[in-house]
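Student: Hey, dropping entry_11.cif in here, mmCIF, C-alpha atoms:
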```cif
data_upload
#
loop_
_atom_site.label_atom_id
_atom_site.label_comp_id
_atom_site.auth_asym_id
_atom_site.auth_seq_id
_atom_site.Cartn_x
_atom_site.Cartn_y
_atom_site.Cartn_z
CA MET A 1 27.53 6.70 -199.10
CA SER A 2 28.91 9.19 -196.58
CA ARG A 3 32.58 9.16 -195.65
CA PRO A 4 33.37 7.67 -192.20
CA ASP A 5 34.47 10.04 -189.41
CA TYR A 6 38.09 9.07 -188.92
CA THR A 7 38.72 11.72 -186.27
CA ASN A 8 37.27 9.41 -183.58
CA ASP A 9 37.76 6.01 -185.23
CA ASP A 10 39.02 3.44 -182.71
CA ARG A 11 39.17 0.43 -185.07
CA PHE A 12 42.94 0.72 -185.43
CA ASP A 13 43.76 1.27 -181.76
CA GLY A 14 45.16 -2.23 -181.40
CA LEU A 15 47.54 -1.68 -184.31
CA PHE A 16 48.72 1.68 -182.99
CA LEU A 17 49.18 0.25 -179.50
CA GLN A 18 51.48 -2.36 -180.97
CA ILE A 19 53.44 0.38 -182.78
CA ALA A 20 53.61 2.43 -179.57
CA HIS A 21 54.87 -0.60 -177.66
CA GLN A 22 57.64 -1.16 -180.22
CA THR A 23 58.69 2.48 -180.72
CA GLN A 24 58.39 3.73 -177.09
CA GLY A 25 57.78 7.40 -177.82
CA ILE A 26 55.70 9.99 -179.70
CA GLU A 27 58.44 11.09 -182.12
CA PRO A 28 59.32 7.50 -183.13
CA ILE A 29 55.62 6.84 -183.83
CA LEU A 30 55.44 9.92 -186.08
CA ASP A 31 58.73 8.94 -187.77
CA THR A 32 57.23 5.53 -188.53
CA LEU A 33 54.10 7.11 -190.06
CA PHE A 34 55.93 9.64 -192.23
CA SER A 35 58.49 7.02 -193.22
CA PHE A 36 55.63 4.95 -194.61
CA LEU A 37 54.18 7.96 -196.47
CA ARG A 38 57.60 8.85 -197.90
CA ARG A 39 58.47 5.32 -199.03
CA LYS A 40 55.11 3.87 -200.00
CA SER A 41 53.04 6.85 -201.24
CA ASP A 42 53.26 10.02 -203.32
CA PHE A 43 52.46 12.21 -200.31
CA PHE A 44 55.62 14.31 -200.75
CA SER A 45 55.63 14.17 -204.57
CA PRO A 46 54.52 17.32 -206.45
CA PRO A 47 51.26 16.90 -208.41
CA GLY A 48 51.48 17.21 -212.19
CA GLY A 49 55.27 17.24 -212.28
CA GLU A 50 55.58 20.49 -210.34
CA ASP A 51 58.69 21.58 -208.48
CA ASN A 52 59.69 19.15 -205.67
CA GLU A 53 59.90 21.96 -203.16
CA GLN A 54 56.31 22.99 -203.87
CA GLY A 55 55.16 19.40 -203.39
CA CYS A 56 56.87 19.24 -199.99
CA GLU A 57 55.29 22.55 -198.98
CA ALA A 58 51.87 21.17 -199.89
CA ALA A 59 52.55 18.09 -197.74
CA VAL A 60 53.58 20.24 -194.77
CA ALA A 61 50.45 22.39 -195.20
CA LYS A 62 48.24 19.28 -195.19
CA VAL A 63 49.91 17.97 -192.02
CA ASN A 64 49.43 21.34 -190.31
CA GLU A 65 45.77 21.35 -191.36
CA VAL A 66 45.14 17.90 -189.87
CA VAL A 67 47.05 18.71 -186.66
CA LYS A 68 45.07 21.95 -186.27
CA LYS A 69 41.81 20.03 -186.69
CA HIS A 70 42.71 17.59 -183.90
CA VAL A 71 43.95 20.40 -181.65
CA ASP A 72 40.52 22.03 -181.99
CA ILE A 73 38.78 18.75 -181.18
CA TYR A 74 41.02 18.26 -178.13
CA LEU A 75 40.46 21.78 -176.82
CA GLN A 76 36.69 21.49 -177.25
CA GLY A 77 36.70 18.23 -175.31
CA LYS A 78 38.83 19.68 -172.52
CA LYS A 79 36.60 22.75 -172.29
CA LYS A 80 33.54 20.56 -171.89
CA GLU A 81 35.29 18.43 -169.24
CA ASP A 82 36.43 21.53 -167.34
CA GLU A 83 32.93 23.02 -167.36
CA GLU A 84 31.48 19.76 -166.04
CA ARG A 85 34.19 19.50 -163.38
CA LEU A 86 33.65 23.08 -162.24
CA LYS A 87 29.91 22.52 -162.02
CA LYS A 88 30.39 19.47 -159.80
CA LEU A 89 33.03 21.29 -157.75
CA ARG A 90 30.65 24.20 -157.08
CA LEU A 91 27.90 21.82 -155.96
CA LYS A 92 30.34 19.99 -153.71
CA GLN A 93 31.62 23.23 -152.17
CA GLU A 94 28.07 24.38 -151.47
CA ARG A 95 27.29 21.11 -149.69
CA GLU A 96 30.49 21.25 -147.68
CA ALA A 97 29.91 24.90 -146.74
CA ALA A 98 26.43 24.04 -145.50
CA ALA A 99 27.80 21.13 -143.45
CA ALA A 100 30.66 23.22 -142.01
CA ALA A 101 28.20 25.88 -140.89
CA LYS A 102 26.50 23.38 -138.56
CA LYS A 103 29.60 22.08 -136.77
CA SER A 104 30.43 23.23 -133.26
CA ILE A 105 33.76 24.79 -132.30
CA ASP A 106 33.68 24.18 -128.50
CA GLU A 107 31.43 22.67 -125.83
CA GLU A 108 30.05 25.93 -124.46
CA GLY A 109 28.76 27.47 -127.62
CA VAL A 110 28.26 26.80 -131.31
CA ILE A 111 29.84 29.07 -133.88
CA GLU A 112 28.49 28.63 -137.38
CA LEU A 113 30.68 29.40 -140.36
CA GLY A 114 29.29 30.80 -143.57
CA GLU A 115 30.59 29.92 -147.03
CA ASP A 116 33.16 32.73 -146.74
CA GLY A 117 34.42 31.38 -143.39
CA PHE A 118 32.91 34.20 -141.24
CA ASP A 119 30.85 33.80 -138.07
CA ILE A 120 27.10 33.67 -138.85
CA SER A 121 25.89 32.39 -135.46
CA SER A 122 22.56 33.84 -134.32
CA ASP A 123 24.10 34.88 -130.98
CA ALA A 124 27.44 36.03 -132.40
CA PRO A 125 28.83 39.20 -130.72
CA SER A 126 28.59 42.34 -132.79
CA SER A 127 31.80 43.82 -131.41
CA LYS A 128 35.20 42.67 -130.20
CA LEU A 129 35.27 40.35 -127.21
CA SER A 130 36.33 41.83 -123.87
CA ALA A 131 39.37 40.59 -121.99
CA LYS A 132 37.25 38.32 -119.78
CA GLU A 133 35.33 36.96 -122.76
CA THR A 134 38.38 36.25 -124.90
CA ALA A 135 38.16 32.58 -125.88
CA THR A 136 40.94 30.17 -126.67
CA VAL A 137 40.20 27.70 -129.41
CA THR A 138 41.99 24.54 -128.35
CA GLU A 139 40.69 22.17 -130.96
CA LEU A 140 38.67 22.25 -134.19
CA LYS A 141 36.86 19.02 -134.85
CA PHE A 142 35.68 18.28 -138.34
CA ASP A 143 34.65 14.67 -137.78
CA ARG A 144 31.43 14.04 -135.86
CA GLN A 145 31.99 10.38 -135.03
CA PRO A 146 34.69 9.76 -132.34
CA PRO A 147 36.92 6.67 -132.52
CA ALA A 148 35.72 3.59 -130.71
CA THR A 149 37.08 3.22 -127.16
CA MET A 150 38.57 0.11 -125.60
CA THR A 151 35.46 -0.18 -123.39
CA GLU A 152 33.25 -0.29 -126.45
CA GLU A 153 35.48 -2.92 -128.03
CA ASN A 154 35.33 -5.07 -124.89
CA ASN A 155 31.57 -4.73 -124.71
CA ASN A 156 31.29 -5.76 -128.32
CA ASP A 157 33.22 -9.00 -127.71
CA GLY A 158 30.11 -10.57 -126.28
CA LYS A 159 28.14 -9.77 -129.41
CA SER A 160 30.50 -11.25 -131.99
CA GLY A 161 27.86 -13.40 -133.61
CA LYS A 162 25.59 -10.43 -134.23
CA GLN A 163 28.51 -8.32 -135.43
CA ASP A 164 29.52 -10.97 -137.98
CA GLU A 165 26.02 -10.97 -139.40
CA GLU A 166 25.94 -7.17 -139.53
CA GLY A 167 29.44 -7.12 -141.06
CA ASP A 168 28.38 -9.48 -143.84
CA GLU A 169 25.30 -7.38 -144.47
CA GLU A 170 27.39 -4.18 -144.55
CA GLU A 171 29.84 -5.80 -146.98
CA ASP A 172 26.98 -6.77 -149.26
CA ASN A 173 25.79 -3.15 -149.25
CA ALA A 174 29.28 -1.73 -149.93
CA ALA A 175 29.73 0.38 -153.06
CA PRO A 176 31.55 -1.14 -156.07
CA PRO A 177 35.29 -0.36 -156.21
CA ILE A 178 36.10 2.75 -158.25
CA GLY A 179 37.15 1.75 -161.77
CA ASN A 180 36.98 -1.89 -160.58
CA GLY A 181 40.33 -1.30 -158.86
CA GLY A 182 41.76 0.52 -155.89
CA THR A 183 44.74 2.21 -154.23
CA VAL A 184 47.92 0.56 -153.02
CA ASP A 185 49.17 3.18 -150.58
CA GLY A 186 52.61 4.55 -151.42
CA LYS A 187 52.68 2.80 -154.79
CA TYR A 188 49.89 3.30 -157.31
CA ILE A 189 46.22 3.57 -158.30
CA TRP A 190 44.84 0.78 -160.49
CA THR A 191 41.72 0.04 -162.54
CA GLN A 192 40.71 -2.88 -164.72
CA SER A 193 38.41 -4.32 -167.37
CA LEU A 194 38.03 -8.01 -168.19
CA GLN A 195 40.68 -7.67 -170.90
CA GLU A 196 43.34 -5.50 -169.28
CA LEU A 197 44.59 -3.87 -166.12
CA THR A 198 45.81 -0.25 -165.93
CA ILE A 199 48.24 0.96 -163.25
CA ASN A 200 48.89 4.68 -162.61
CA VAL A 201 52.10 5.37 -160.65
CA PRO A 202 52.68 8.96 -159.38
CA LEU A 203 56.13 10.28 -160.36
CA PRO A 204 58.16 13.43 -159.66
CA GLU A 205 57.47 16.28 -162.09
CA ASN A 206 59.27 16.22 -165.46
CA THR A 207 60.16 12.52 -165.25
CA ARG A 208 61.25 11.00 -168.60
CA GLY A 209 61.17 7.45 -169.88
CA ARG A 210 64.95 7.15 -169.71
CA ASP A 211 64.80 7.90 -165.97
CA LEU A 212 62.80 4.73 -165.27
CA ASN A 213 63.60 1.06 -165.00
CA VAL A 214 60.42 -0.84 -165.88
CA VAL A 215 60.49 -4.61 -166.39
CA ILE A 216 57.21 -6.32 -167.37
CA SER A 217 57.31 -10.14 -167.24
CA LYS A 218 54.59 -12.74 -167.56
CA ARG A 219 54.28 -13.19 -163.80
CA HIS A 220 56.41 -10.38 -162.31
CA LEU A 221 56.56 -6.58 -162.34
CA LYS A 222 59.45 -4.23 -161.50
CA ILE A 223 59.23 -0.42 -161.42
CA GLY A 224 62.10 1.77 -160.27
CA PHE A 225 64.43 4.62 -161.17
CA VAL A 226 67.65 4.12 -163.11
CA LYS A 227 69.64 6.16 -160.57
CA THR A 228 68.56 3.85 -157.71
CA LYS A 229 69.35 0.46 -159.22
CA ASN A 230 68.67 -1.64 -156.13
CA GLU A 231 65.55 0.21 -154.96
CA PHE A 232 62.16 -0.36 -156.58
CA ILE A 233 58.72 1.20 -156.20
CA VAL A 234 57.31 -2.22 -157.18
CA ASP A 235 59.12 -5.56 -157.20
CA ASP A 236 56.50 -8.27 -156.82
CA ASP A 237 54.84 -11.24 -158.49
CA LEU A 238 51.65 -10.45 -160.41
CA THR A 239 48.38 -11.85 -159.12
CA LYS A 240 47.81 -13.64 -162.42
CA PRO A 241 49.80 -14.06 -165.67
CA ILE A 242 49.72 -11.46 -168.47
CA ILE A 243 50.49 -11.31 -172.20
CA VAL A 244 53.84 -9.48 -172.26
CA ASP A 245 53.83 -8.65 -176.01
CA ASP A 246 50.48 -6.85 -175.69
CA SER A 247 51.43 -4.96 -172.51
CA LEU A 248 53.09 -1.54 -172.53
CA TRP A 249 53.96 1.52 -170.45
CA THR A 250 54.18 5.24 -171.06
CA ILE A 251 54.62 8.51 -169.14
CA GLU A 252 51.73 10.99 -169.17
CA ASP A 253 51.89 14.67 -168.15
CA GLY A 254 55.50 14.20 -167.05
CA ASN A 255 54.39 13.02 -163.60
CA ARG A 256 52.50 9.77 -164.09
CA LEU A 257 53.61 6.32 -165.24
CA VAL A 258 50.76 4.42 -166.93
CA LEU A 259 51.09 0.66 -167.42
CA THR A 260 48.59 -1.29 -169.50
CA LEU A 261 48.81 -5.02 -168.75
CA GLN A 262 46.95 -7.40 -171.06
CA LYS A 263 45.44 -10.30 -169.10
CA SER A 264 46.15 -13.86 -170.22
CA ASN A 265 42.71 -14.97 -169.05
CA GLN A 266 40.32 -12.29 -170.24
CA MET A 267 37.30 -13.79 -168.48
CA GLU A 268 38.27 -13.11 -164.86
CA TRP A 269 38.73 -10.18 -162.48
CA TRP A 270 41.79 -9.47 -160.36
CA ASP A 271 41.55 -8.55 -156.67
CA ALA A 272 44.93 -6.74 -156.86
CA PRO A 273 47.74 -6.21 -159.42
CA CYS A 274 50.45 -7.92 -157.30
CA GLN A 275 50.28 -10.75 -154.80
CA ASN A 276 51.50 -8.70 -151.82
CA ASP A 277 49.27 -5.69 -152.51
CA PHE A 278 46.89 -4.54 -149.78
CA PRO A 279 44.02 -3.91 -149.55
CA LYS A 280 42.51 -6.30 -152.08
CA ILE A 281 39.13 -5.53 -153.60
CA ASN A 282 36.00 -7.67 -153.40
CA ILE A 283 35.68 -9.04 -156.95
CA GLN A 284 32.02 -9.78 -156.26
CA LYS A 285 31.42 -6.01 -156.45
CA VAL A 286 33.15 -5.20 -159.74
CA GLN A 287 31.18 -3.74 -162.64
CA PRO A 288 32.25 -4.05 -166.30
CA GLU A 289 33.64 -0.74 -167.56
CA HIS A 290 36.68 0.78 -169.28
CA SER A 291 39.94 0.67 -167.31
CA ASN A 292 41.81 3.58 -168.94
CA LEU A 293 41.69 6.81 -166.94
CA SER A 294 40.68 8.78 -170.04
CA ASP A 295 37.74 6.42 -170.63
CA LEU A 296 36.22 6.77 -167.16
CA ASP A 297 33.17 8.96 -166.63
CA GLY A 298 33.82 12.46 -165.31
CA GLU A 299 32.96 11.79 -161.65
CA THR A 300 34.93 8.52 -161.45
CA ARG A 301 37.92 10.06 -163.23
CA GLN A 302 37.85 13.03 -160.84
CA THR A 303 37.85 10.64 -157.87
CA VAL A 304 40.79 8.61 -159.26
CA GLU A 305 42.75 11.81 -159.99
CA LYS A 306 42.08 13.01 -156.42
CA MET A 307 43.33 9.68 -155.05
CA MET A 308 46.50 10.02 -157.13
CA PHE A 309 46.98 13.63 -155.96
CA ASP A 310 46.56 12.60 -152.31
CA GLN A 311 49.05 9.75 -152.73
CA ARG A 312 51.61 12.10 -154.33
CA GLN A 313 51.08 14.64 -151.52
CA LYS A 314 51.60 11.96 -148.86
CA ALA A 315 54.83 10.87 -150.52
CA LEU A 316 56.07 14.48 -150.35
CA GLY A 317 54.92 14.94 -146.75
CA LEU A 318 52.28 17.49 -147.80
CA PRO A 319 48.56 17.72 -146.83
CA THR A 320 45.98 15.83 -148.89
CA ALA A 321 43.13 17.63 -150.63
CA ASP A 322 40.75 17.11 -147.68
CA GLU A 323 43.40 18.16 -145.14
CA GLN A 324 44.20 21.29 -147.14
CA LYS A 325 40.50 22.17 -147.24
CA LYS A 326 40.31 21.96 -143.45
CA LEU A 327 43.40 24.14 -143.13
CA ASP A 328 41.85 26.72 -145.46
CA ILE A 329 38.69 26.84 -143.32
CA LEU A 330 40.83 27.32 -140.20
CA GLU A 331 42.77 30.17 -141.84
CA LYS A 332 39.52 31.93 -142.80
CA PHE A 333 38.22 31.58 -139.25
CA LYS A 334 41.50 32.92 -137.80
CA ALA A 335 41.38 35.91 -140.16
CA SER A 336 37.83 36.75 -139.05
CA HIS A 337 38.68 36.42 -135.31
CA PRO A 338 42.07 38.06 -134.74
CA GLU A 339 41.24 38.53 -131.04
CA MET A 340 41.26 34.77 -130.40
CA ASP A 341 44.31 32.65 -129.51
CA PHE A 342 44.91 29.84 -132.02
CA SER A 343 48.36 28.83 -130.78
CA ASN A 344 47.09 25.43 -129.56
CA ALA A 345 44.59 24.86 -132.39
CA LYS A 346 44.75 21.56 -134.16
CA ILE A 347 42.64 19.76 -136.75
CA SER A 348 41.42 16.23 -136.22
#
```
What's the structure tokens form of this structure?
Tutor:
Amino acid sequence: MSRPDYTNDDRFDGLFLQIAHQTQGIEPILDTLFSFLRRKSDFFSPPGGEDNEQGCEAAVAKVNEVVKKHVDIYLQGKKKEDEERLKKLRLKQEREAAAAAKKSIDEEGVIELGEDGFDISSDAPSSKLSAKETATVTELKFDRQPPATMTEENNNDGKSGKQDEEGDEEEDNAAPPIGNGGTVDGKYIWTQSLQELTINVPLPENTRGRDLNVVISKRHLKIGFVKTKNEFIVDDDLTKPIIVDDSLWTIEDGNRLVLTLQKSNQMEWWDAPCQNDFPKINIQKVQPEHSNLSDLDGETRQTVEKMMFDQRQKALGLPTADEQKKLDILEKFKASHPEMDFSNAKIS
């Protein structure tokens, strides 16, 4: 009978989650493990009555060997994820470059941009523009569909019955919510399974557990910083009750608070974590899947991470990923056309 592969064994996850909930930290978890080995096993004892110091050195060597093995497994997994992410990113960039090349810059002529941001129009001038031909780019539009006007809205009032039918049909055809959750703007990204709900809260870099004030109750959730006692990121009643003893929180990467809330009723979906959250998802569209960010498939995880990045950028008053991409395209175009005036250029 072959020995089981314990390097990826998840049978004891529930037990370790309980330990993590009680100890609240990596070092306390390791202290608990080595305390057990020291008190209840001969892990540190020298074999065959050898010198105690040699026995301890053998124990340290074994720990280093196991840690090295899991480091290798981790790095291999990350390498595979990075390769897959880069492959998808390249495909996405190629599609976006092809789309950007077809968009018009002004009403009088169409300037096509290549992947490198340079002019590839069939009628593009081969030399610098003359003084009379110098153009002023007043606006770069990256969205084809203009916003609806008041006239259109008024005209549509007489067709409300038809619109309702089309709206219902469009809702039925809507894609399932990512990770069976959504985004609460300015607060967090959340996903769920039938058993638990996971909330990812963006934090400032290098945030530690002692900096936070997190209170998880059966029907209420509070998240804030210790230094701002009366101000909370979240202070709201939960949509449904949870099992407090099986719920926990931790900080990942020094910039993300991850809460895992165990549902009391593990046979129902939530439309939002808290009662005052907006927007709420359509629970008719949810699909059973893992709720932890690390368990999501590569494309879904990349989308959730992008949503978290955009939310953190908005909180800092910085451009989102899509806005930054548009700015980069504009900068490339400006660099390739120094003779043009971009002082009034704007991106919409």
Student: A:Phe225, A:Phe232, A:Trp270, A:Phe309: which is nearest Ile189 (chain A), counting all atoms listed in the file?
Tutor: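 The answer is A:Phe309, which sits nearest to Ile189 (chain A).
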Student: Starting from the PyMOL selection byres ((chain A and resi 18-25) around 9), expand the selection into actual residues of this file and give them as a list in words.
Tutor: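 After applying the PyMOL selection byres ((chain A and resi 18-25) around 9), what remains is Asp13, Gly14, Leu15, Phe16, Leu17, Ile26, Glu27, Pro28, Ile29, Leu30, Thr32, Gly209, Asp245, Asp246, Ser247, Leu248, Trp249 and Thr250 of chain A.
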Student: Quick one: everything within 8 Å of region 190-205 of chain A, counting only C-alpha atoms, minus sequence neighbours fewer than 4 positions away in the same chain. Send it as number ranges by chain.
Tutor: A: 178-183, 254-263, 265-270, 273, 288-292, 308, 311-312
Student: If you measure from CA of Arg301 (chain A) to CA of Lys92 (chain A), what distance in Å do you get, rounded to one decimal?
Tutor: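 So the two atoms, CA of Arg301 (chain A) and CA of Lys92 (chain A), lie 15.7 Å apart.
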Student: Skip Val234 (chain A) itself and residues of its chain fewer than 2 positions away, then list as a list in words all residues within 9 Å of it, counting all atoms listed in the file.
Tutor: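 Within the cut-off, the hits are Lys187, Leu221, Lys222, Ile223, Gly224, Glu231, Phe232, Asp236 and Cys274 of chain A.
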Student: Using only C-alpha atoms, which of A:Leu91, A:Leu238, A:Val244, A:Val184 sits nearest Pro279 (chain A)?
Tutor: A:Val184
Student: Using CA of Pro176 (chain A) and CA of Val286 (chain A) as the two end points, give the distance in Å to one decimal.
Tutor: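 Between CA of Pro176 (chain A) and CA of Val286 (chain A) the gap is 5.7 Å.
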